[in-house]
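So this one's protein-v4.cif, mmCIF, C-alpha atoms and all ligand atoms:
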```cif
data_run
loop_
_atom_site.group_PDB
_atom_site.id
_atom_site.type_symbol
_atom_site.label_atom_id
_atom_site.label_comp_id
_atom_site.auth_asym_id
_atom_site.auth_seq_id
_atom_site.Cartn_x
_atom_site.Cartn_y
_atom_site.Cartn_z
ATOM 1 C CA MET I 1 0.000 0.000 0.000
ATOM 2 C CA PRO I 2 1.434 3.414 -0.937
ATOM 3 C CA GLY I 3 -0.144 5.132 2.134
ATOM 4 C CA TYR I 4 -0.266 8.706 0.839
ATOM 5 C CA ARG I 5 -0.464 11.346 3.590
ATOM 6 C CA VAL I 6 -1.164 14.348 1.372
ATOM 7 C CA LEU I 7 -4.058 14.835 -1.036
ATOM 8 C CA LEU I 8 -4.000 17.478 -3.782
ATOM 9 C CA LEU I 9 -7.415 18.001 -5.331
ATOM 10 C CA ASP I 10 -8.558 19.506 -8.582
ATOM 11 C CA MET I 11 -11.978 21.118 -8.082
ATOM 12 C CA ASP I 12 -14.235 21.077 -11.170
ATOM 13 C CA GLY I 13 -15.017 17.441 -12.006
ATOM 14 C CA VAL I 14 -13.710 16.250 -8.629
ATOM 15 C CA LEU I 15 -15.599 18.275 -5.994
ATOM 16 C CA TRP I 16 -18.458 19.475 -8.173
ATOM 17 C CA ARG I 17 -19.678 19.326 -11.737
ATOM 18 C CA GLY I 18 -21.951 21.929 -13.318
ATOM 19 C CA GLY I 19 -22.299 23.450 -9.834
ATOM 20 C CA GLN I 20 -23.585 20.166 -8.345
ATOM 21 C CA PRO I 21 -21.534 18.558 -5.526
ATOM 22 C CA ILE I 22 -20.026 15.130 -6.351
ATOM 23 C CA ASP I 23 -20.975 13.415 -3.098
ATOM 24 C CA VAL I 24 -19.052 10.202 -3.756
ATOM 25 C CA ASN I 25 -15.784 12.177 -3.787
ATOM 26 C CA LEU I 26 -16.727 14.605 -1.003
ATOM 27 C CA GLU I 27 -17.501 11.713 1.359
ATOM 28 C CA ALA I 28 -14.068 10.204 0.687
ATOM 29 C CA ILE I 29 -12.313 13.546 1.277
ATOM 30 C CA ARG I 30 -14.086 14.038 4.624
ATOM 31 C CA THR I 31 -13.085 10.487 5.635
ATOM 32 C CA LEU I 32 -9.446 11.075 4.708
ATOM 33 C CA ALA I 33 -9.385 14.443 6.508
ATOM 34 C CA SER I 34 -10.715 12.761 9.658
ATOM 35 C CA ARG I 35 -7.797 10.276 9.403
ATOM 36 C CA GLY I 36 -5.271 13.138 9.346
ATOM 37 C CA VAL I 37 -4.507 13.217 5.617
ATOM 38 C CA ARG I 38 -3.461 16.792 4.731
ATOM 39 C CA ILE I 39 -5.403 18.400 1.916
ATOM 40 C CA ALA I 40 -4.834 21.213 -0.582
ATOM 41 C CA TYR I 41 -6.716 22.309 -3.695
ATOM 42 C CA VAL I 42 -5.326 23.247 -7.127
ATOM 43 C CA THR I 43 -7.484 24.949 -9.740
ATOM 44 C CA ASN I 44 -6.872 26.700 -13.063
ATOM 45 C CA ASN I 45 -9.872 28.969 -12.372
ATOM 46 C CA SER I 46 -8.615 32.514 -11.723
ATOM 47 C CA THR I 47 -11.980 34.279 -11.613
ATOM 48 C CA ARG I 48 -12.589 33.551 -7.924
ATOM 49 C CA SER I 49 -10.256 34.397 -5.048
ATOM 50 C CA ARG I 50 -8.906 31.846 -2.568
ATOM 51 C CA ARG I 51 -11.034 33.496 0.116
ATOM 52 C CA SER I 52 -14.247 32.866 -1.819
ATOM 53 C CA TYR I 53 -13.255 29.224 -2.446
ATOM 54 C CA VAL I 54 -12.590 28.701 1.272
ATOM 55 C CA GLU I 55 -16.197 29.685 2.014
ATOM 56 C CA ARG I 56 -17.533 27.337 -0.669
ATOM 57 C CA LEU I 57 -15.332 24.422 0.459
ATOM 58 C CA ARG I 58 -16.222 24.830 4.133
ATOM 59 C CA ALA I 59 -19.926 24.942 3.208
ATOM 60 C CA LEU I 60 -19.398 21.459 1.729
ATOM 61 C CA GLY I 61 -17.846 20.238 4.983
ATOM 62 C CA LEU I 62 -14.303 20.187 3.581
ATOM 63 C CA PRO I 63 -11.210 21.429 5.425
ATOM 64 C CA ALA I 64 -9.854 24.584 3.767
ATOM 65 C CA SER I 65 -7.823 27.687 4.516
ATOM 66 C CA VAL I 66 -6.547 30.454 2.254
ATOM 67 C CA ASP I 67 -3.064 28.856 2.400
ATOM 68 C CA THR I 68 -4.250 25.500 1.063
ATOM 69 C CA VAL I 69 -6.302 26.783 -1.884
ATOM 70 C CA VAL I 70 -4.011 27.364 -4.871
ATOM 71 C CA THR I 71 -5.771 29.111 -7.750
ATOM 72 C CA SER I 72 -4.039 30.038 -10.991
ATOM 73 C CA GLY I 73 -4.635 33.696 -10.099
ATOM 74 C CA TYR I 74 -2.757 33.268 -6.825
ATOM 75 C CA ALA I 75 -0.044 31.236 -8.555
ATOM 76 C CA ALA I 76 0.442 33.807 -11.331
ATOM 77 C CA SER I 77 0.546 36.638 -8.767
ATOM 78 C CA THR I 78 3.065 34.799 -6.585
ATOM 79 C CA TYR I 79 5.268 34.188 -9.619
ATOM 80 C CA MET I 80 5.198 37.898 -10.544
ATOM 81 C CA ALA I 81 5.891 39.011 -6.963
ATOM 82 C CA ARG I 82 8.912 36.663 -6.756
ATOM 83 C CA ARG I 83 10.145 38.085 -10.081
ATOM 84 C CA GLY I 84 10.086 41.611 -8.598
ATOM 85 C CA VAL I 85 7.059 42.884 -10.521
ATOM 86 C CA ARG I 86 5.383 45.915 -8.967
ATOM 87 C CA THR I 87 2.733 47.182 -11.398
ATOM 88 C CA VAL I 88 0.589 44.833 -13.484
ATOM 89 C CA TYR I 89 -2.104 45.428 -16.088
ATOM 90 C CA VAL I 90 -4.822 42.873 -15.410
ATOM 91 C CA VAL I 91 -6.993 41.227 -18.046
ATOM 92 C CA GLY I 92 -9.158 39.163 -15.753
ATOM 93 C CA GLU I 93 -11.868 39.178 -13.124
ATOM 94 C CA ASP I 94 -12.151 40.168 -9.451
ATOM 95 C CA GLY I 95 -10.455 37.016 -8.124
ATOM 96 C CA LEU I 96 -7.296 37.747 -10.111
ATOM 97 C CA VAL I 97 -7.219 41.418 -9.092
ATOM 98 C CA GLU I 98 -7.643 40.445 -5.420
ATOM 99 C CA GLU I 99 -4.814 37.889 -5.556
ATOM 100 C CA ALA I 100 -2.487 40.339 -7.298
ATOM 101 C CA ARG I 101 -3.108 42.882 -4.556
ATOM 102 C CA LEU I 102 -2.618 40.280 -1.784
ATOM 103 C CA ALA I 103 0.719 39.304 -3.377
ATOM 104 C CA GLY I 104 1.880 42.902 -2.922
ATOM 105 C CA LEU I 105 1.463 43.957 -6.549
ATOM 106 C CA GLU I 106 -0.308 47.050 -7.814
ATOM 107 C CA PRO I 107 -3.032 45.720 -10.155
ATOM 108 C CA LEU I 108 -4.212 48.228 -12.776
ATOM 109 C CA GLU I 109 -7.514 47.718 -14.533
ATOM 110 C CA GLU I 110 -7.484 51.009 -16.504
ATOM 111 C CA CYS I 111 -4.891 51.072 -19.285
ATOM 112 C CA PRO I 112 -1.652 52.525 -17.835
ATOM 113 C CA ASP I 113 1.127 54.420 -19.674
ATOM 114 C CA SER I 114 3.714 51.912 -18.543
ATOM 115 C CA VAL I 115 3.625 48.710 -16.569
ATOM 116 C CA ASP I 116 6.022 45.957 -15.386
ATOM 117 C CA ALA I 117 3.801 43.036 -16.368
ATOM 118 C CA VAL I 118 0.599 42.030 -18.115
ATOM 119 C CA VAL I 119 -1.367 39.151 -16.589
ATOM 120 C CA VAL I 120 -4.134 37.450 -18.518
ATOM 121 C CA GLY I 121 -6.860 35.218 -17.091
ATOM 122 C CA LEU I 122 -10.434 34.436 -17.985
ATOM 123 C CA ASP I 123 -12.246 37.740 -18.404
ATOM 124 C CA ARG I 124 -15.936 37.603 -19.284
ATOM 125 C CA GLY I 125 -15.775 41.367 -19.935
ATOM 126 C CA PHE I 126 -12.903 41.010 -22.457
ATOM 127 C CA ASN I 127 -13.090 43.579 -25.273
ATOM 128 C CA TYR I 128 -11.085 45.357 -27.998
ATOM 129 C CA GLY I 129 -9.792 48.063 -25.629
ATOM 130 C CA LYS I 130 -8.323 45.483 -23.232
ATOM 131 C CA LEU I 131 -6.823 43.538 -26.145
ATOM 132 C CA ASP I 132 -5.254 46.727 -27.524
ATOM 133 C CA CYS I 133 -3.801 47.756 -24.151
ATOM 134 C CA ALA I 134 -2.468 44.294 -23.258
ATOM 135 C CA ALA I 135 -0.922 43.730 -26.708
ATOM 136 C CA ARG I 136 0.731 47.176 -26.675
ATOM 137 C CA HIS I 137 2.464 46.578 -23.322
ATOM 138 C CA VAL I 138 3.460 43.019 -24.247
ATOM 139 C CA ARG I 139 4.918 44.314 -27.545
ATOM 140 C CA ARG I 140 6.888 46.960 -25.614
ATOM 141 C CA GLY I 141 8.455 44.269 -23.446
ATOM 142 C CA ALA I 142 6.334 43.908 -20.291
ATOM 143 C CA LEU I 143 6.587 40.516 -18.575
ATOM 144 C CA TYR I 144 3.720 38.493 -20.089
ATOM 145 C CA VAL I 145 2.030 36.056 -17.711
ATOM 146 C CA ALA I 146 -1.004 33.837 -18.331
ATOM 147 C CA THR I 147 -3.025 32.285 -15.518
ATOM 148 C CA ASN I 148 -3.662 29.223 -17.690
ATOM 149 C CA ALA I 149 -4.047 28.191 -21.322
ATOM 150 C CA ASP I 150 -7.345 26.264 -21.148
ATOM 151 C CA PRO I 151 -9.078 26.805 -24.523
ATOM 152 C CA THR I 152 -12.537 26.176 -23.079
ATOM 153 C CA LEU I 153 -14.374 25.792 -19.788
ATOM 154 C CA PRO I 154 -16.614 22.847 -19.026
ATOM 155 C CA HIS I 155 -20.190 24.088 -19.103
ATOM 156 C CA PRO I 156 -23.473 22.178 -19.163
ATOM 157 C CA GLY I 157 -24.566 21.960 -22.794
ATOM 158 C CA GLU I 158 -21.823 23.827 -24.684
ATOM 159 C CA PRO I 159 -18.234 24.590 -23.631
ATOM 160 C CA LYS I 160 -17.464 28.298 -23.088
ATOM 161 C CA PRO I 161 -14.249 30.132 -24.156
ATOM 162 C CA GLY I 162 -11.501 29.833 -21.525
ATOM 163 C CA ALA I 163 -8.511 31.990 -20.554
ATOM 164 C CA GLY I 164 -6.510 30.447 -23.402
ATOM 165 C CA ALA I 165 -8.760 32.162 -25.937
ATOM 166 C CA MET I 166 -7.901 35.591 -24.491
ATOM 167 C CA VAL I 167 -4.202 34.697 -24.256
ATOM 168 C CA ALA I 168 -4.246 33.611 -27.918
ATOM 169 C CA ALA I 169 -5.784 36.933 -29.014
ATOM 170 C CA ILE I 170 -3.113 38.928 -27.131
ATOM 171 C CA SER I 171 -0.322 36.683 -28.465
ATOM 172 C CA VAL I 172 -1.488 37.139 -32.056
ATOM 173 C CA ALA I 173 -1.864 40.905 -31.667
ATOM 174 C CA SER I 174 1.531 41.344 -29.940
ATOM 175 C CA GLY I 175 3.573 38.706 -31.755
ATOM 176 C CA ARG I 176 4.728 37.186 -28.442
ATOM 177 C CA GLU I 177 3.839 34.046 -26.500
ATOM 178 C CA PRO I 178 3.495 34.267 -22.667
ATOM 179 C CA ASP I 179 6.773 34.263 -20.732
ATOM 180 C CA PHE I 180 5.076 32.140 -18.065
ATOM 181 C CA THR I 181 1.820 30.216 -17.777
ATOM 182 C CA ALA I 182 0.969 29.480 -14.139
ATOM 183 C CA GLY I 183 -1.815 26.909 -14.459
ATOM 184 C CA LYS I 184 -1.772 23.161 -15.027
ATOM 185 C CA PRO I 185 -0.107 21.401 -16.901
ATOM 186 C CA ASN I 186 2.712 23.622 -15.572
ATOM 187 C CA PRO I 187 3.672 22.026 -12.211
ATOM 188 C CA TRP I 188 3.736 25.455 -10.494
ATOM 189 C CA LEU I 189 0.318 25.091 -8.777
ATOM 190 C CA VAL I 190 1.310 21.660 -7.490
ATOM 191 C CA GLU I 191 4.656 22.980 -6.229
ATOM 192 C CA LEU I 192 2.951 25.875 -4.400
ATOM 193 C CA ALA I 193 0.428 23.471 -2.825
ATOM 194 C CA LEU I 194 3.229 21.196 -1.567
ATOM 195 C CA GLU I 195 5.082 24.271 -0.280
ATOM 196 C CA ALA I 196 1.936 25.411 1.611
ATOM 197 C CA LEU I 197 1.622 21.990 3.283
ATOM 198 C CA GLY I 198 5.352 21.596 3.902
ATOM 199 C CA ALA I 199 5.118 18.291 2.009
ATOM 200 C CA GLU I 200 7.408 16.370 -0.333
ATOM 201 C CA PRO I 201 6.214 15.177 -3.777
ATOM 202 C CA GLY I 202 6.613 11.529 -2.718
ATOM 203 C CA GLU I 203 4.011 11.851 0.086
ATOM 204 C CA ALA I 204 1.271 13.204 -2.139
ATOM 205 C CA LEU I 205 -1.427 11.954 -4.478
ATOM 206 C CA LEU I 206 -2.937 14.398 -6.987
ATOM 207 C CA VAL I 207 -6.552 13.700 -7.933
ATOM 208 C CA GLY I 208 -8.008 15.157 -11.120
ATOM 209 C CA ASP I 209 -10.417 14.546 -13.966
ATOM 210 C CA ARG I 210 -8.307 15.773 -16.931
ATOM 211 C CA LEU I 211 -5.286 14.030 -18.400
ATOM 212 C CA ASP I 212 -3.750 16.971 -20.313
ATOM 213 C CA THR I 213 -3.831 19.347 -17.317
ATOM 214 C CA ASP I 214 -4.155 17.578 -13.941
ATOM 215 C CA ILE I 215 -2.337 14.334 -14.665
ATOM 216 C CA GLU I 216 0.380 16.040 -16.732
ATOM 217 C CA ALA I 217 0.983 18.637 -13.976
ATOM 218 C CA GLY I 218 1.354 15.862 -11.399
ATOM 219 C CA ARG I 219 3.742 13.964 -13.646
ATOM 220 C CA ARG I 220 5.936 17.053 -14.164
ATOM 221 C CA ALA I 221 5.934 17.771 -10.397
ATOM 222 C CA GLY I 222 6.966 14.186 -9.561
ATOM 223 C CA VAL I 223 3.662 13.490 -7.772
ATOM 224 C CA ASP I 224 1.642 10.276 -8.203
ATOM 225 C CA THR I 225 -1.753 10.811 -9.800
ATOM 226 C CA LEU I 226 -5.261 9.399 -9.668
ATOM 227 C CA LEU I 227 -7.640 10.003 -12.572
ATOM 228 C CA VAL I 228 -11.266 9.855 -11.414
ATOM 229 C CA TYR I 229 -14.100 9.312 -13.879
ATOM 230 C CA THR I 230 -16.402 11.864 -12.233
ATOM 231 C CA GLY I 231 -15.542 14.705 -14.652
ATOM 232 C CA VAL I 232 -14.655 15.188 -18.301
ATOM 233 C CA THR I 233 -12.671 11.953 -18.887
ATOM 234 C CA GLY I 234 -14.474 8.624 -19.312
ATOM 235 C CA PRO I 235 -13.237 5.002 -19.002
ATOM 236 C CA GLU I 236 -13.340 4.691 -22.813
ATOM 237 C CA ASP I 237 -10.834 7.551 -23.350
ATOM 238 C CA PRO I 238 -7.170 6.658 -24.120
ATOM 239 C CA LEU I 239 -4.867 7.259 -21.124
ATOM 240 C CA ASP I 240 -2.315 9.765 -22.453
ATOM 241 C CA PRO I 241 -0.468 10.828 -20.360
ATOM 242 C CA GLU I 242 -0.906 7.779 -18.175
ATOM 243 C CA PRO I 243 -2.007 8.404 -14.562
ATOM 244 C CA THR I 244 -0.551 6.314 -11.745
ATOM 245 C CA TYR I 245 -4.080 5.050 -10.938
ATOM 246 C CA THR I 246 -7.613 5.316 -12.289
ATOM 247 C CA ALA I 247 -10.894 4.873 -10.384
ATOM 248 C CA GLY I 248 -14.578 5.565 -10.823
ATOM 249 C CA SER I 249 -14.388 7.887 -7.825
ATOM 250 C CA LEU I 250 -12.122 8.799 -4.920
ATOM 251 C CA LEU I 251 -14.266 6.600 -2.657
ATOM 252 C CA GLU I 252 -13.196 3.570 -4.732
ATOM 253 C CA ALA I 253 -9.542 4.510 -4.189
ATOM 254 C CA LEU I 254 -9.458 4.888 -0.382
ATOM 255 C CA ARG I 255 -7.185 1.815 -0.126
ATOM 256 C CA LEU I 256 -4.337 3.940 -1.554
ATOM 257 C CA PHE I 257 -4.209 5.789 1.767
ATOM 258 C CA GLY I 258 -3.637 2.600 3.849
HETATM 259 MG MG MG I 301 -11.180 19.396 -13.345
#
```
Kindly return the structure encoded in the file as structure tokens.
Ligand SMILES: [Mg+2]
Amino acid sequence: MPGYRVLLLDMDGVLWRGGQPIDVNLEAIRTLASRGVRIAYVTNNSTRSRRSYVERLRALGLPASVDTVVTSGYAASTYMARRGVRTVYVVGEDGLVEEARLAGLEPLEECPDSVDAVVVGLDRGFNYGKLDCAARHVRRGALYVATNADPTLPHPGEPKPGAGAMVAAISVASGREPDFTAGKPNPWLVELALEALGAEPGEALLVGDRLDTDIEAGRRAGVDTLLVYTGVTGPEDPLDPEPTYTAGSLLEALRLFG
């Protein structure tokens, strides 16, 4: 038995789907928390702040604190702060602006004359003026950071455009690709989650529903992975990249924790 002591959880497709809680996974998480397994969350969604996720997670009976919720907005902001960025033009929503401010940056939502960095996340108010401003500063040499490159968001019925669609528009208009993309499959979210828990990669199991983001991020971070079939991937889909384990749900995989 591997006996993992740390659980890193993707959110959409693991905790909830289309806004509905996935009880079979939530029950397993509560059981593991009661046995002392340490838990953190990793999500490519930058539109909500860590603080707002903590409220939602606690309402579901899950252990959560601001330190153990790693969003791509927090991860992108932390990266910029560690690179010495001070001012940043934000293409994104309130959650990204809040995380930039908490990281000690000065987030600017009106188009500035000059700026150290441009950060781009999902922005449901994206428009030509924001595209023009972001592309101009990227072209002039500002550090160019994306929260994630997801082309679409899961949505009941039809997928919706994701952050990657806005990043692509700015890249085309500026002629540059992002200098850094914080979200999965980059291992940065996973590394920040391990750092928050004071854990080593070998102690942890990452649970996700997507191969190209969750499982690939775990692989790059040196963390074992469990693909659960409660989200976008089904048992009939080819396993590329290959997760360490697969299961119908987290409840079916409790044996991995000894
Ligand atoms: Mg997911």
Sorted by chain and rising residue number, which residues of chain I lie within 7 Å of ligand MG 301 (chain I), and what are their closest atom pairs and distances in Å to one decimal, counting all atoms listed in the file, as CSV?
```
residue,atom,partner,partner_atom,distance
I:Asp10,CA,I:MG301,MG,5.4
I:Met11,CA,I:MG301,MG,5.6
I:Asp12,CA,I:MG301,MG,4.1
I:Gly13,CA,I:MG301,MG,4.5
I:Val14,CA,I:MG301,MG,6.2
I:Gly208,CA,I:MG301,MG,5.7
I:Asp209,CA,I:MG301,MG,4.9
I:Arg210,CA,I:MG301,MG,5.9
I:Gly231,CA,I:MG301,MG,6.5
```
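Of note, atom CA of Val232 of chain I and atom CA of Gly3 of chain I are spaced 27.0 Å apart.
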Give as a PyMOL selection string the residues that the PyMOL selection byres (((chain I and resi 37) around 12) and not hetatm) matches when applied to the coordinates above.
chain I and resi 3-8+28-36+38-40+63+197+199+203-205+254+256-258
Work out how far apart atom CA of Ser72 of chain I and atom CA of Asp132 of chain I are and give it in Å to one decimal.
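Atom-to-atom, atom CA of Ser72 of chain I and atom CA of Asp132 of chain I are spaced 23.5 Å apart.
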In Å to one decimal, how far is atom CA of Trp188 of chain I from atom CA of Ala81 of chain I?
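It comes out at 14.2 Å.
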Is it possible to produce a file of segment 135-156 of chain I from this structure, with N, CA and C atoms, as a CSV table (one decimal), in the first residue's frame?
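Final file, out-v7.csv:
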```csv
chain,number,residue,atom,x,y,z
I,135,ALA,N,-1.9,44.0,-25.6
I,135,ALA,CA,-0.9,43.7,-26.7
I,135,ALA,C,0.1,44.8,-26.8
I,136,ARG,N,-0.2,46.1,-26.6
I,136,ARG,CA,0.7,47.2,-26.7
I,136,ARG,C,1.8,47.0,-25.6
I,137,HIS,N,1.5,46.7,-24.4
I,137,HIS,CA,2.5,46.6,-23.3
I,137,HIS,C,3.3,45.3,-23.5
I,138,VAL,N,2.7,44.2,-24.0
I,138,VAL,CA,3.5,43.0,-24.2
I,138,VAL,C,4.5,43.3,-25.4
I,139,ARG,N,4.0,44.0,-26.4
I,139,ARG,CA,4.9,44.3,-27.5
I,139,ARG,C,6.1,45.2,-27.1
I,140,ARG,N,5.8,46.1,-26.1
I,140,ARG,CA,6.9,47.0,-25.6
I,140,ARG,C,7.8,46.3,-24.6
I,141,GLY,N,7.5,45.0,-24.3
I,141,GLY,CA,8.5,44.3,-23.4
I,141,GLY,C,8.0,44.0,-22.0
I,142,ALA,N,6.8,44.3,-21.6
I,142,ALA,CA,6.3,43.9,-20.3
I,142,ALA,C,6.4,42.4,-20.1
I,143,LEU,N,6.7,42.0,-18.9
I,143,LEU,CA,6.6,40.5,-18.6
I,143,LEU,C,5.2,40.1,-18.9
I,144,TYR,N,5.0,38.9,-19.6
I,144,TYR,CA,3.7,38.5,-20.1
I,144,TYR,C,3.4,37.2,-19.4
I,145,VAL,N,2.4,37.2,-18.5
I,145,VAL,CA,2.0,36.1,-17.7
I,145,VAL,C,0.6,35.7,-18.0
I,146,ALA,N,0.4,34.4,-18.2
I,146,ALA,CA,-1.0,33.8,-18.3
I,146,ALA,C,-1.4,33.0,-17.1
I,147,THR,N,-2.6,33.1,-16.7
I,147,THR,CA,-3.0,32.3,-15.5
I,147,THR,C,-3.1,30.8,-16.0
I,148,ASN,N,-3.6,30.6,-17.2
I,148,ASN,CA,-3.7,29.2,-17.7
I,148,ASN,C,-3.9,29.3,-19.2
I,149,ALA,N,-3.9,28.2,-19.9
I,149,ALA,CA,-4.0,28.2,-21.3
I,149,ALA,C,-5.3,27.4,-21.7
I,150,ASP,N,-6.2,27.1,-20.8
I,150,ASP,CA,-7.3,26.3,-21.1
I,150,ASP,C,-8.1,26.9,-22.3
I,151,PRO,N,-8.3,26.2,-23.4
I,151,PRO,CA,-9.1,26.8,-24.5
I,151,PRO,C,-10.6,27.0,-24.2
I,152,THR,N,-11.1,26.1,-23.4
I,152,THR,CA,-12.5,26.2,-23.1
I,152,THR,C,-12.7,25.8,-21.6
I,153,LEU,N,-13.9,26.1,-21.1
I,153,LEU,CA,-14.4,25.8,-19.8
I,153,LEU,C,-15.5,24.8,-19.9
I,154,PRO,N,-15.5,23.8,-19.0
I,154,PRO,CA,-16.6,22.8,-19.0
I,154,PRO,C,-17.9,23.6,-18.7
I,155,HIS,N,-18.9,23.4,-19.3
I,155,HIS,CA,-20.2,24.1,-19.1
I,155,HIS,C,-21.3,23.2,-19.5
I,156,PRO,N,-22.4,23.1,-18.8
I,156,PRO,CA,-23.5,22.2,-19.2
I,156,PRO,C,-24.0,22.6,-20.5
```
